[in-house]
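Taking it in order: structure first as structure tokens, then the write-up.
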Amino acid sequence: MATDSWALAVDEQEAAAESLSNLHLKEEKIKPDANEDRAAQSLLNKLIRSNLVDNTNQVEVLQRDPNSPLYSVKSFEELRLKPQLLQGVYAMGFNRPSKIQENALPLMLAEPPQNLIAQSQSGTGKTAAFVLAMLSQVEPTNKYPQCLCLSPTYELALQTGKVIEQMGKFYPALKLAYAVRGNKLERGQKISEQIVIGTPGTVLDWCSKLKFIDPKKIKVFVLDEADVMIATQGHQDQSIRIQRMLPRNCQMLLFSATFEDSVWKFAQKVVPDPNVIKLKREEETLDTIKQYYVLCSSRDEKFQALCNLYGAITIAQAMIFCHTRKTASWLAAELSKEGHQVALLSGEMMVEQRAAVIERFREGKEKVLVTTNVCARGIDVEQVSVVINFDLPVDKDGNPDNETYLHRIGRTGRFGKRGLAVNMVDSKHSMNILNRIQEHFNKKIERLDTDDLDEIEKIAN
DNA sequence: AAAAAAC
């Protein structure tokens with residue numbers, strides 16, 4: 001009998017381990033080492049395998065609390081939201097939850113609130129999901145910050161802030177504070193806003209030396225574009241320092257379209273008892289975006305090719321990405337000289353100017369935005385149908401940056417719309433980078449001849 | 001390389 005139960009335990013372990021590897025968590029498999037073995041055992045004991053799969057097999061859910069029911073919702077009513085919040089949701093034009101929301105919302109709104117690491121492609125409703133989670137926890141009568149959301153850039157913080165304001169507009173007493181550069185406050189006071197959205201440096205200051213925020217009172221902590229927020233070359237230092245100030249029972253929510261393997265592992269380490277949701281494989285993301293490359297031999301040729309394309313890309317709106325601020329401002333100036341109207345946005349500009357430019361672009365007053373990786377992530381302008389990589393995305397070692405590539409071209413083709421991405425290649429080296437990106441996503445990137453007007457006509461359709 | 005920090 002003892003033997004039987006042991007055998008069962010082993011079976012369960014294997015089943016659980018298998019489910020882990022199904023979720024690409026192979027690295028966490030049991031190793032012979034005694035300590036690790038114990039750790040793995042307790043993890044497995046806690047873990048209930050739940051491959052919640054809808055009929056199209058797009059969603060993977062790994063739930064860490066065996067006692068809470070696993071379910072998804074097909075309507076917002078099922079979530080029993082406060083009436084003001086439900087009103088806000090419908091006022092934004094959402095009729096029913098998106099795929100990621102169907103699965104993430106019940107987990108995030110569970111009692112007690114669950115931690116979550118969620119990965120889903122661009123334009124699948126991540127922002128609305130975590131904003132809803134924050135708004136459902138907030139107590140507007142308490143005049144102090146209770147929800148904290150970190151964004152990697154100023155522009156994204158503004159954009160997400162707008163979503164919070166819109167969705168929360170039926171809470172009369174609710175206020176939102178922007179913890180971003182340039183937002184200077186009176187010394188020595190505490191802020192009364194219930195929700196704070198901001199960039200890492202300023203938020204850290206507000207929580208620590210300036211003491212505008214009492215981090216111990218935060219109930220919900222959100223990392224948007226979570227992978228870059230916890231990446232070593234990203235904002236890891238500041239994000240983790242902020243996280244350490246939060247109370248133990250604070251809910252942690254990590255959202256991103258991409259998680260590179262090492263960052264994914266790190267995320268699971270820093271989030272206690274995380275639930276995990278993955279939506280779709282990334283290559284499917286690219287199905288709605290047609291990818292091309294243009295072969296050139298120098299920067300000037302790239303510029304010429306871009307000028308040839310200008311008419312085609314201005315049918316709707318376009319974003320042009322450069323590797324450095326310097327190239328971006330050079331390119332914007334050169335395009336202007338040629339008589340093409342373009343806007344420039346980069347981190348070297350003053351925040352007021354940045355806010356004005358992104359606003360004009362959003363309103364459609366600017367058709368073409370020349371920018372850096374500052375706009376690679378999260379910026380959602382519906383009319384953007386073309387993304388041009390004037391420089392391919394590479395990391396500090398000069399290797400292809402696949403995550404950034406996916407985020408950049410994800411600025412187009414939002415919410416299932418069709419999009420177009422054009423990569424400018426100017427050397428053997430950059431052709432090699434492009435080939436490696438192509439291999440990584442296993443999606444054909446076709447050659448485009450910018451001297452052939454028929455071809456340009458074709459892409460502009 | 002870019003982004004991110006008020007003294």
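How things are named: the first chain in the structure tokens is A, the next is B, and so on; residues count from 1 in each chain; ligands count from 1 in the order shown.
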Quick one: residues within 7 Å of DA1 (chain B), only C-alpha atoms (C1' of nucleotides) counted, chain neighbours fewer than 4 positions away excluded, as a ChimeraX atom specification?
/A:323-324,396
Pull the closest atom pair for each residue of chain A that gets at most 8 Å from chain B, along with the distance in Å to one decimal, counting only C-alpha atoms (C1' of nucleotides), ordering rows by chain and then ascending residue number, as a tab-separated table.
residue	atom	partner	partner_atom	distance
A:Pro152	CA	B:DA3	C1'	7.2
A:Thr153	CA	B:DA3	C1'	6.9
A:Arg181	CA	B:DA5	C1'	7.9
A:Lys184	CA	B:DA6	C1'	7.1
A:Thr199	CA	B:DA4	C1'	7.1
A:Pro200	CA	B:DA4	C1'	6.4
A:Gly201	CA	B:DA5	C1'	4.9
A:Thr202	CA	B:DA5	C1'	6.1
A:Asp205	CA	B:DA5	C1'	7.5
A:Gly234	CA	B:DA3	C1'	7.8
A:His235	CA	B:DA4	C1'	7.1
A:His323	CA	B:DA1	C1'	6.6
A:Thr324	CA	B:DA1	C1'	6.3
A:Gly347	CA	B:DA3	C1'	7.3
A:Thr372	CA	B:DA2	C1'	7.3
A:Asn373	CA	B:DA2	C1'	6.2
A:Val374	CA	B:DA3	C1'	6.6
A:Asp395	CA	B:DA1	C1'	7.2
A:Lys396	CA	B:DA1	C1'	6.1
For a test of reading the model, state the distance in Å between CA of Gly93 (chain A) and CA of Ala318 (chain A), rounded to one decimal.
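A separation of 25.6 Å between them.
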Which residues are close to Gly419 (chain A), i.e. within 9 Å by only C-alpha atoms (C1' of nucleotides), leaving aside same-chain residues fewer than 2 positions away? Reply as a compact mmCIF listing (two decimals) with C-alpha atoms, in the first residue's frame.
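Okay, this is what ended up in selection.txt:
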# COMPACT_ATOMS: atom_id res chain seq x y z
CA THR A 288 -1.38 39.90 -40.33
CA ILE A 289 1.82 41.82 -41.01
CA LYS A 290 3.49 41.59 -44.40
CA GLN A 291 7.26 41.89 -44.09
CA VAL A 384 -0.37 53.21 -38.26
CA SER A 385 -0.24 50.70 -41.11
CA VAL A 386 3.46 50.84 -41.97
CA VAL A 387 6.53 50.35 -39.82
CA ILE A 409 6.38 45.84 -36.16
CA GLY A 410 3.58 45.20 -33.68
CA ARG A 411 2.90 48.98 -33.82
CA THR A 412 1.02 48.09 -36.98
CA GLY A 413 -1.51 45.37 -37.60
CA ARG A 414 -3.20 46.20 -34.34
CA GLY A 416 -6.16 42.08 -36.29
CA LYS A 417 -5.80 44.80 -38.90
CA ALA A 421 6.83 46.26 -42.24
Give me the residues near Ile459 (chain A) as a PyMOL selection string, where near means some atom within 10 Å (using only C-alpha atoms (C1' of nucleotides)) and where sequence neighbours in that chain fewer than 3 positions away do not count.
chain A and resi 290+292+309+312-313+420+448+454-456
Dump of all heavy atoms for the selected residues, as a PDB file, in the first residue's frame:
ATOM      1  N   LYS A 290       2.670  41.968 -43.255  1.00  0.00           N
ATOM      2  CA  LYS A 290       3.491  41.589 -44.399  1.00  0.00           C
ATOM      3  C   LYS A 290       4.869  42.221 -44.239  1.00  0.00           C
ATOM      4  O   LYS A 290       4.978  43.425 -44.018  1.00  0.00           O
ATOM      5  CB  LYS A 290       2.813  42.093 -45.680  1.00  0.00           C
ATOM      6  CG  LYS A 290       3.331  41.482 -46.938  1.00  0.00           C
ATOM      7  CD  LYS A 290       2.399  40.373 -47.450  1.00  0.00           C
ATOM      8  CE  LYS A 290       2.893  39.830 -48.790  1.00  0.00           C
ATOM      9  NZ  LYS A 290       3.586  38.556 -48.712  1.00  0.00           N
ATOM     10  N   TYR A 292       8.787  43.043 -45.565  1.00  0.00           N
ATOM     11  CA  TYR A 292       9.674  43.201 -46.715  1.00  0.00           C
ATOM     12  C   TYR A 292      11.048  43.677 -46.280  1.00  0.00           C
ATOM     13  O   TYR A 292      11.211  44.165 -45.162  1.00  0.00           O
ATOM     14  CB  TYR A 292       9.113  44.244 -47.691  1.00  0.00           C
ATOM     15  CG  TYR A 292       7.850  43.838 -48.401  1.00  0.00           C
ATOM     16  CD1 TYR A 292       6.602  44.209 -47.902  1.00  0.00           C
ATOM     17  CD2 TYR A 292       7.916  43.093 -49.575  1.00  0.00           C
ATOM     18  CE1 TYR A 292       5.439  43.839 -48.557  1.00  0.00           C
ATOM     19  CE2 TYR A 292       6.750  42.727 -50.237  1.00  0.00           C
ATOM     20  CZ  TYR A 292       5.524  43.094 -49.726  1.00  0.00           C
ATOM     21  OH  TYR A 292       4.382  42.733 -50.377  1.00  0.00           O
ATOM     22  N   LEU A 309       9.615  55.529 -51.230  1.00  0.00           N
ATOM     23  CA  LEU A 309       8.479  54.905 -50.551  1.00  0.00           C
ATOM     24  C   LEU A 309       7.506  55.917 -49.973  1.00  0.00           C
ATOM     25  O   LEU A 309       6.371  55.578 -49.650  1.00  0.00           O
ATOM     26  CB  LEU A 309       8.981  54.018 -49.402  1.00  0.00           C
ATOM     27  CG  LEU A 309       9.519  52.635 -49.737  1.00  0.00           C
ATOM     28  CD1 LEU A 309      10.160  52.021 -48.500  1.00  0.00           C
ATOM     29  CD2 LEU A 309       8.383  51.733 -50.232  1.00  0.00           C
ATOM     30  N   ALA A 312       3.825  56.097 -50.799  1.00  0.00           N
ATOM     31  CA  ALA A 312       3.048  54.899 -50.486  1.00  0.00           C
ATOM     32  C   ALA A 312       2.735  54.793 -48.998  1.00  0.00           C
ATOM     33  O   ALA A 312       1.670  54.345 -48.607  1.00  0.00           O
ATOM     34  CB  ALA A 312       3.803  53.650 -50.946  1.00  0.00           C
ATOM     35  N   ILE A 313       3.692  55.239 -48.172  1.00  0.00           N
ATOM     36  CA  ILE A 313       3.494  55.030 -46.736  1.00  0.00           C
ATOM     37  C   ILE A 313       2.608  56.094 -46.096  1.00  0.00           C
ATOM     38  O   ILE A 313       2.126  55.914 -44.994  1.00  0.00           O
ATOM     39  CB  ILE A 313       4.840  54.965 -45.957  1.00  0.00           C
ATOM     40  CG1 ILE A 313       5.601  56.297 -46.039  1.00  0.00           C
ATOM     41  CG2 ILE A 313       5.689  53.811 -46.458  1.00  0.00           C
ATOM     42  CD1 ILE A 313       6.877  56.314 -45.222  1.00  0.00           C
ATOM     43  N   LEU A 420       2.104  46.490 -42.509  1.00  0.00           N
ATOM     44  CA  LEU A 420       3.232  46.334 -43.420  1.00  0.00           C
ATOM     45  C   LEU A 420       4.507  46.742 -42.692  1.00  0.00           C
ATOM     46  O   LEU A 420       4.534  47.775 -42.025  1.00  0.00           O
ATOM     47  CB  LEU A 420       2.987  47.250 -44.621  1.00  0.00           C
ATOM     48  CG  LEU A 420       4.008  47.295 -45.728  1.00  0.00           C
ATOM     49  CD1 LEU A 420       4.025  45.974 -46.472  1.00  0.00           C
ATOM     50  CD2 LEU A 420       3.684  48.443 -46.672  1.00  0.00           C
ATOM     51  N   LEU A 448      11.980  43.790 -51.652  1.00  0.00           N
ATOM     52  CA  LEU A 448      11.164  44.833 -52.278  1.00  0.00           C
ATOM     53  C   LEU A 448      12.083  45.758 -53.058  1.00  0.00           C
ATOM     54  O   LEU A 448      13.089  46.226 -52.533  1.00  0.00           O
ATOM     55  CB  LEU A 448      10.417  45.619 -51.190  1.00  0.00           C
ATOM     56  CG  LEU A 448       9.599  46.826 -51.643  1.00  0.00           C
ATOM     57  CD1 LEU A 448       8.359  46.377 -52.395  1.00  0.00           C
ATOM     58  CD2 LEU A 448       9.191  47.662 -50.437  1.00  0.00           C
ATOM     59  N   ASP A 454       5.825  49.752 -59.840  1.00  0.00           N
ATOM     60  CA  ASP A 454       4.738  48.780 -59.772  1.00  0.00           C
ATOM     61  C   ASP A 454       4.741  48.049 -58.443  1.00  0.00           C
ATOM     62  O   ASP A 454       3.708  47.792 -57.842  1.00  0.00           O
ATOM     63  CB  ASP A 454       4.852  47.754 -60.912  1.00  0.00           C
ATOM     64  CG  ASP A 454       4.579  48.405 -62.265  1.00  0.00           C
ATOM     65  OD1 ASP A 454       4.032  49.533 -62.260  1.00  0.00           O
ATOM     66  OD2 ASP A 454       4.906  47.792 -63.295  1.00  0.00           O
ATOM     67  N   GLU A 455       5.955  47.735 -57.986  1.00  0.00           N
ATOM     68  CA  GLU A 455       6.069  47.026 -56.713  1.00  0.00           C
ATOM     69  C   GLU A 455       5.578  47.881 -55.554  1.00  0.00           C
ATOM     70  O   GLU A 455       4.894  47.395 -54.653  1.00  0.00           O
ATOM     71  CB  GLU A 455       7.531  46.612 -56.462  1.00  0.00           C
ATOM     72  CG  GLU A 455       7.861  45.275 -57.085  1.00  0.00           C
ATOM     73  CD  GLU A 455       8.942  44.560 -56.308  1.00  0.00           C
ATOM     74  OE1 GLU A 455       8.676  44.181 -55.155  1.00  0.00           O
ATOM     75  OE2 GLU A 455      10.050  44.422 -56.850  1.00  0.00           O
ATOM     76  N   ILE A 456       5.962  49.142 -55.595  1.00  0.00           N
ATOM     77  CA  ILE A 456       5.526  50.046 -54.535  1.00  0.00           C
ATOM     78  C   ILE A 456       4.011  50.185 -54.549  1.00  0.00           C
ATOM     79  O   ILE A 456       3.361  50.163 -53.503  1.00  0.00           O
ATOM     80  CB  ILE A 456       6.219  51.417 -54.689  1.00  0.00           C
ATOM     81  CG1 ILE A 456       7.716  51.255 -54.436  1.00  0.00           C
ATOM     82  CG2 ILE A 456       5.612  52.431 -53.730  1.00  0.00           C
ATOM     83  CD1 ILE A 456       8.512  52.515 -54.562  1.00  0.00           C
TER      84      ILE A 456
END
For Asn103 (chain A), list every protein, DNA or RNA residue within 8 Å, evaluated using only C-alpha atoms (C1' of nucleotides), and leave out those in the same chain fewer than 5 positions away; present the list as an mmCIF file with all heavy atoms, in the first residue's frame.
data_model
loop_
_atom_site.group_PDB
_atom_site.id
_atom_site.type_symbol
_atom_site.label_atom_id
_atom_site.label_comp_id
_atom_site.auth_asym_id
_atom_site.auth_seq_id
_atom_site.Cartn_x
_atom_site.Cartn_y
_atom_site.Cartn_z
ATOM 1 N N VAL A 61 -2.860 28.201 -19.607
ATOM 2 C CA VAL A 61 -2.939 28.771 -18.273
ATOM 3 C C VAL A 61 -2.283 27.829 -17.286
ATOM 4 O O VAL A 61 -2.581 26.638 -17.259
ATOM 5 C CB VAL A 61 -4.403 29.002 -17.847
ATOM 6 C CG1 VAL A 61 -4.460 29.593 -16.444
ATOM 7 C CG2 VAL A 61 -5.100 29.914 -18.831
ATOM 8 N N TYR A 71 -11.436 29.039 -14.242
ATOM 9 C CA TYR A 71 -12.495 29.262 -15.219
ATOM 10 C C TYR A 71 -12.196 30.493 -16.047
ATOM 11 O O TYR A 71 -11.332 31.294 -15.726
ATOM 12 C CB TYR A 71 -13.847 29.400 -14.531
ATOM 13 C CG TYR A 71 -13.995 30.598 -13.635
ATOM 14 C CD1 TYR A 71 -14.733 31.691 -14.049
ATOM 15 C CD2 TYR A 71 -13.401 30.634 -12.373
ATOM 16 C CE1 TYR A 71 -14.882 32.789 -13.235
ATOM 17 C CE2 TYR A 71 -13.549 31.728 -11.548
ATOM 18 C CZ TYR A 71 -14.291 32.808 -11.986
ATOM 19 O OH TYR A 71 -14.431 33.894 -11.185
ATOM 20 N N SER A 72 -12.905 30.632 -17.124
ATOM 21 C CA SER A 72 -12.773 31.835 -17.924
ATOM 22 C C SER A 72 -14.162 32.432 -18.076
ATOM 23 O O SER A 72 -15.159 31.741 -17.900
ATOM 24 C CB SER A 72 -12.169 31.508 -19.287
ATOM 25 O OG SER A 72 -13.074 30.754 -20.047
ATOM 26 N N VAL A 73 -14.203 33.716 -18.366
ATOM 27 C CA VAL A 73 -15.500 34.368 -18.488
ATOM 28 C C VAL A 73 -15.742 34.779 -19.932
ATOM 29 O O VAL A 73 -14.809 35.101 -20.659
ATOM 30 C CB VAL A 73 -15.606 35.629 -17.594
ATOM 31 C CG1 VAL A 73 -15.662 35.232 -16.135
ATOM 32 C CG2 VAL A 73 -14.461 36.588 -17.857
ATOM 33 N N ILE A 277 -0.131 32.954 -17.803
ATOM 34 C CA ILE A 277 -0.995 32.838 -18.979
ATOM 35 C C ILE A 277 -0.194 33.180 -20.229
ATOM 36 O O ILE A 277 0.493 34.195 -20.282
ATOM 37 C CB ILE A 277 -2.200 33.802 -18.892
ATOM 38 C CG1 ILE A 277 -3.087 33.435 -17.708
ATOM 39 C CG2 ILE A 277 -3.018 33.755 -20.185
ATOM 40 C CD1 ILE A 277 -4.309 34.311 -17.572
#
List the spatial neighbours of Glu102 (chain A) as a VMD selection string - criterion: any atom at most 12 Å away, only C-alpha atoms (C1' of nucleotides), same-chain residues fewer than 4 positions off excluded.
chain A and resid 52 to 54 59 61 70 to 79 96 to 98 106 to 109 124 to 126 128 to 129 277 279
For Asn142 (chain A), list every protein, DNA or RNA residue within 12 Å, evaluated using only C-alpha atoms (C1' of nucleotides), and leave out those in the same chain fewer than 2 positions away; present the list as a ChimeraX atom specification.
/A:137-140,144-147,173-175,191-195,217-218
Correct to one decimal, the distance CA of Val89 (chain A)-CA of Met167 (chain A) is 5.7 Å
What gap, in Å, lies between CA of Glu348 (chain A) and CA of Gly198 (chain A)?
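Distance between the two atoms: 18.5 Å.
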Write out as a PyMOL selection string all residues of region 102-324 of chain A that DSSP puts in alpha helix (DSSP H) for this structure's backbone.
chain A and resi 102-108+126-137+154-167+200-207+226-230+236-245+261-270+282-285+299-313
Would you put the residues from that selection into a file with C-alpha atoms, as a compact mmCIF listing (two decimals), in the first residue's frame?
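Saved result, part-v2.txt, follows:
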# COMPACT_ATOMS: atom_id res chain seq x y z
CA GLU A 102 -11.35 36.04 -20.50
CA ASN A 103 -8.63 34.14 -18.72
CA ALA A 104 -6.69 36.81 -16.85
CA LEU A 105 -9.60 38.68 -15.29
CA PRO A 106 -11.02 35.86 -13.12
CA LEU A 107 -7.53 35.15 -11.78
CA MET A 108 -6.71 38.79 -11.09
CA LYS A 126 -3.48 43.67 -22.07
CA THR A 127 -3.76 47.29 -20.96
CA ALA A 128 -7.50 47.15 -20.41
CA ALA A 129 -7.02 43.90 -18.49
CA PHE A 130 -4.64 45.28 -15.88
CA VAL A 131 -6.41 48.64 -15.68
CA LEU A 132 -9.58 46.77 -14.84
CA ALA A 133 -7.72 44.83 -12.16
CA MET A 134 -6.44 48.05 -10.58
CA LEU A 135 -9.83 49.75 -10.72
CA SER A 136 -11.60 46.82 -9.14
CA GLN A 137 -9.29 46.94 -6.11
CA TYR A 154 7.03 58.65 -20.78
CA GLU A 155 4.76 58.29 -23.82
CA LEU A 156 3.47 54.89 -22.77
CA ALA A 157 2.75 56.14 -19.24
CA LEU A 158 0.63 58.93 -20.73
CA GLN A 159 -1.21 56.52 -23.02
CA THR A 160 -1.95 54.01 -20.25
CA GLY A 161 -2.97 56.87 -17.97
CA LYS A 162 -5.64 57.86 -20.48
CA VAL A 163 -7.06 54.35 -20.39
CA ILE A 164 -7.18 54.47 -16.58
CA GLU A 165 -8.92 57.84 -16.68
CA GLN A 166 -11.47 56.71 -19.26
CA MET A 167 -12.30 53.43 -17.63
CA PRO A 200 10.74 53.84 -12.94
CA GLY A 201 13.11 56.63 -11.92
CA THR A 202 10.46 59.10 -10.84
CA VAL A 203 8.33 56.45 -9.13
CA LEU A 204 11.35 55.29 -7.16
CA ASP A 205 12.02 58.85 -6.04
CA TRP A 206 8.39 59.38 -5.06
CA CYS A 207 8.44 56.17 -3.01
CA ALA A 226 7.26 43.63 -17.95
CA ASP A 227 10.16 41.96 -19.72
CA VAL A 228 12.01 45.20 -20.31
CA MET A 229 11.08 46.38 -16.82
CA ILE A 230 12.90 43.46 -15.19
CA GLN A 236 15.57 45.97 -13.53
CA ASP A 237 17.37 47.92 -10.79
CA GLN A 238 14.67 50.47 -10.22
CA SER A 239 11.73 48.12 -10.71
CA ILE A 240 13.07 45.64 -8.19
CA ARG A 241 13.94 48.34 -5.69
CA ILE A 242 10.37 49.60 -5.90
CA GLN A 243 9.00 46.08 -5.62
CA ARG A 244 10.98 45.47 -2.42
CA MET A 245 9.27 48.41 -0.72
CA ASP A 261 13.87 32.91 -21.92
CA SER A 262 16.19 34.24 -19.22
CA VAL A 263 13.81 37.10 -18.41
CA TRP A 264 10.91 34.67 -18.25
CA LYS A 265 12.77 32.63 -15.64
CA PHE A 266 13.66 35.73 -13.68
CA ALA A 267 10.02 36.84 -13.72
CA GLN A 268 9.02 33.56 -12.11
CA LYS A 269 11.62 34.12 -9.42
CA VAL A 270 10.60 37.64 -8.49
CA GLU A 282 4.52 34.57 -31.41
CA GLU A 283 4.89 33.58 -35.05
CA GLU A 284 1.13 33.77 -35.42
CA THR A 285 1.40 37.41 -34.50
CA ARG A 299 22.87 55.01 -45.52
CA ASP A 300 22.34 57.47 -48.36
CA GLU A 301 20.85 54.74 -50.51
CA LYS A 302 18.51 53.81 -47.67
CA PHE A 303 17.49 57.43 -47.56
CA GLN A 304 16.84 57.47 -51.30
CA ALA A 305 14.80 54.26 -51.09
CA LEU A 306 12.80 55.74 -48.24
CA CYS A 307 12.03 58.83 -50.31
CA ASN A 308 10.75 56.54 -53.08
CA LEU A 309 8.48 54.90 -50.55
CA TYR A 310 7.22 58.11 -49.00
CA GLY A 311 4.13 58.47 -51.16
CA ALA A 312 3.05 54.90 -50.49
CA ILE A 313 3.49 55.03 -46.74
Per DSSP on the backbone, filter region 66-295 of chain A down to the residues in strand (DSSP E) and report them as a compact mmCIF listing (two decimals) with N, CA and C atoms, in the first residue's frame.
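Result saved to part-v7.txt:
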# COMPACT_ATOMS: atom_id res chain seq x y z
N LEU A 116 0.14 37.35 -11.27
CA LEU A 116 0.02 36.87 -12.64
C LEU A 116 1.17 37.35 -13.52
N ILE A 117 1.67 36.42 -14.31
CA ILE A 117 2.59 36.79 -15.39
C ILE A 117 1.88 36.44 -16.68
N ALA A 118 1.64 37.43 -17.51
CA ALA A 118 0.87 37.17 -18.71
C ALA A 118 1.62 37.60 -19.96
N GLN A 119 1.62 36.72 -20.94
CA GLN A 119 2.23 37.05 -22.22
C GLN A 119 1.18 36.95 -23.30
N SER A 120 0.96 38.02 -24.02
CA SER A 120 0.08 37.92 -25.18
C SER A 120 0.46 39.00 -26.17
N CYS A 147 -2.79 51.73 -6.02
CA CYS A 147 -2.37 50.98 -7.20
C CYS A 147 -1.21 51.71 -7.86
N LEU A 148 -0.22 50.93 -8.28
CA LEU A 148 0.97 51.52 -8.88
C LEU A 148 1.29 50.78 -10.16
N CYS A 149 1.45 51.54 -11.24
CA CYS A 149 1.76 50.93 -12.53
C CYS A 149 3.02 51.56 -13.11
N LEU A 150 3.96 50.71 -13.52
CA LEU A 150 5.22 51.21 -14.11
C LEU A 150 5.24 50.98 -15.62
N LEU A 176 -5.92 60.23 -10.55
CA LEU A 176 -4.74 59.54 -11.05
C LEU A 176 -3.55 60.49 -11.04
N ALA A 177 -2.41 60.01 -10.57
CA ALA A 177 -1.20 60.84 -10.58
C ALA A 177 -0.19 60.27 -11.58
N TYR A 178 0.48 61.17 -12.30
CA TYR A 178 1.51 60.77 -13.24
C TYR A 178 2.88 60.98 -12.62
N ALA A 179 3.57 59.90 -12.31
CA ALA A 179 4.92 60.01 -11.77
C ALA A 179 5.91 59.94 -12.92
N ILE A 195 -4.44 56.16 -7.66
CA ILE A 195 -3.68 55.35 -8.61
C ILE A 195 -2.51 56.18 -9.12
N VAL A 196 -1.35 55.55 -9.22
CA VAL A 196 -0.17 56.24 -9.75
C VAL A 196 0.35 55.47 -10.95
N ILE A 197 0.55 56.19 -12.05
CA ILE A 197 1.21 55.59 -13.22
C ILE A 197 2.48 56.37 -13.46
N GLY A 198 3.57 55.67 -13.77
CA GLY A 198 4.80 56.42 -13.96
C GLY A 198 5.94 55.63 -14.54
N VAL A 220 -1.98 46.89 -5.47
CA VAL A 220 -1.77 46.30 -6.79
C VAL A 220 -0.57 46.95 -7.45
N PHE A 221 0.36 46.13 -7.90
CA PHE A 221 1.57 46.61 -8.56
C PHE A 221 1.61 46.01 -9.97
N VAL A 222 1.64 46.89 -10.98
CA VAL A 222 1.61 46.41 -12.36
C VAL A 222 2.91 46.79 -13.07
N LEU A 223 3.50 45.83 -13.75
CA LEU A 223 4.61 46.13 -14.65
C LEU A 223 4.13 45.94 -16.08
N ASP A 224 4.01 47.05 -16.79
CA ASP A 224 3.64 46.99 -18.20
C ASP A 224 4.93 46.82 -18.99
N GLN A 251 -0.55 42.58 -4.66
CA GLN A 251 -0.73 41.80 -5.89
C GLN A 251 0.24 42.27 -6.96
N MET A 252 0.90 41.33 -7.62
CA MET A 252 1.85 41.68 -8.68
C MET A 252 1.35 41.17 -10.02
N LEU A 253 1.31 42.08 -10.99
CA LEU A 253 0.82 41.72 -12.32
C LEU A 253 1.86 42.11 -13.37
N LEU A 254 2.35 41.14 -14.10
CA LEU A 254 3.36 41.39 -15.14
C LEU A 254 2.77 41.10 -16.51
N PHE A 255 2.82 42.09 -17.38
CA PHE A 255 2.26 41.92 -18.73
C PHE A 255 3.28 42.29 -19.80
N SER A 256 3.39 41.45 -20.81
CA SER A 256 4.19 41.82 -21.98
C SER A 256 3.84 40.95 -23.17
N ASN A 275 0.61 32.94 -11.21
CA ASN A 275 -0.17 32.28 -12.24
C ASN A 275 0.43 32.70 -13.57
N VAL A 276 0.33 31.84 -14.54
CA VAL A 276 0.96 32.13 -15.82
C VAL A 276 -0.06 31.97 -16.94
N ILE A 277 -0.13 32.95 -17.80
CA ILE A 277 -1.00 32.84 -18.98
C ILE A 277 -0.19 33.18 -20.23
N LYS A 278 -0.28 32.30 -21.19
CA LYS A 278 0.35 32.59 -22.48
C LYS A 278 -0.72 32.50 -23.56
N LEU A 279 -0.72 33.50 -24.40
CA LEU A 279 -1.71 33.51 -25.47
C LEU A 279 -1.01 33.46 -26.82
N ILE A 289 0.86 40.79 -40.60
CA ILE A 289 1.82 41.82 -41.01
C ILE A 289 2.71 41.29 -42.13
N LYS A 290 2.67 41.97 -43.25
CA LYS A 290 3.49 41.59 -44.40
C LYS A 290 4.87 42.22 -44.24
N GLN A 291 5.90 41.39 -44.34
CA GLN A 291 7.26 41.89 -44.09
C GLN A 291 8.10 41.92 -45.37
N TYR A 292 8.79 43.04 -45.57
CA TYR A 292 9.67 43.20 -46.72
C TYR A 292 11.05 43.68 -46.28
N TYR A 293 12.02 43.53 -47.19
CA TYR A 293 13.28 44.23 -46.98
C TYR A 293 13.70 44.92 -48.26
N VAL A 294 14.45 45.98 -48.10
CA VAL A 294 14.97 46.74 -49.22
C VAL A 294 16.48 46.67 -49.16
N LEU A 295 17.10 46.23 -50.28
CA LEU A 295 18.54 46.07 -50.29
C LEU A 295 19.24 47.33 -50.78
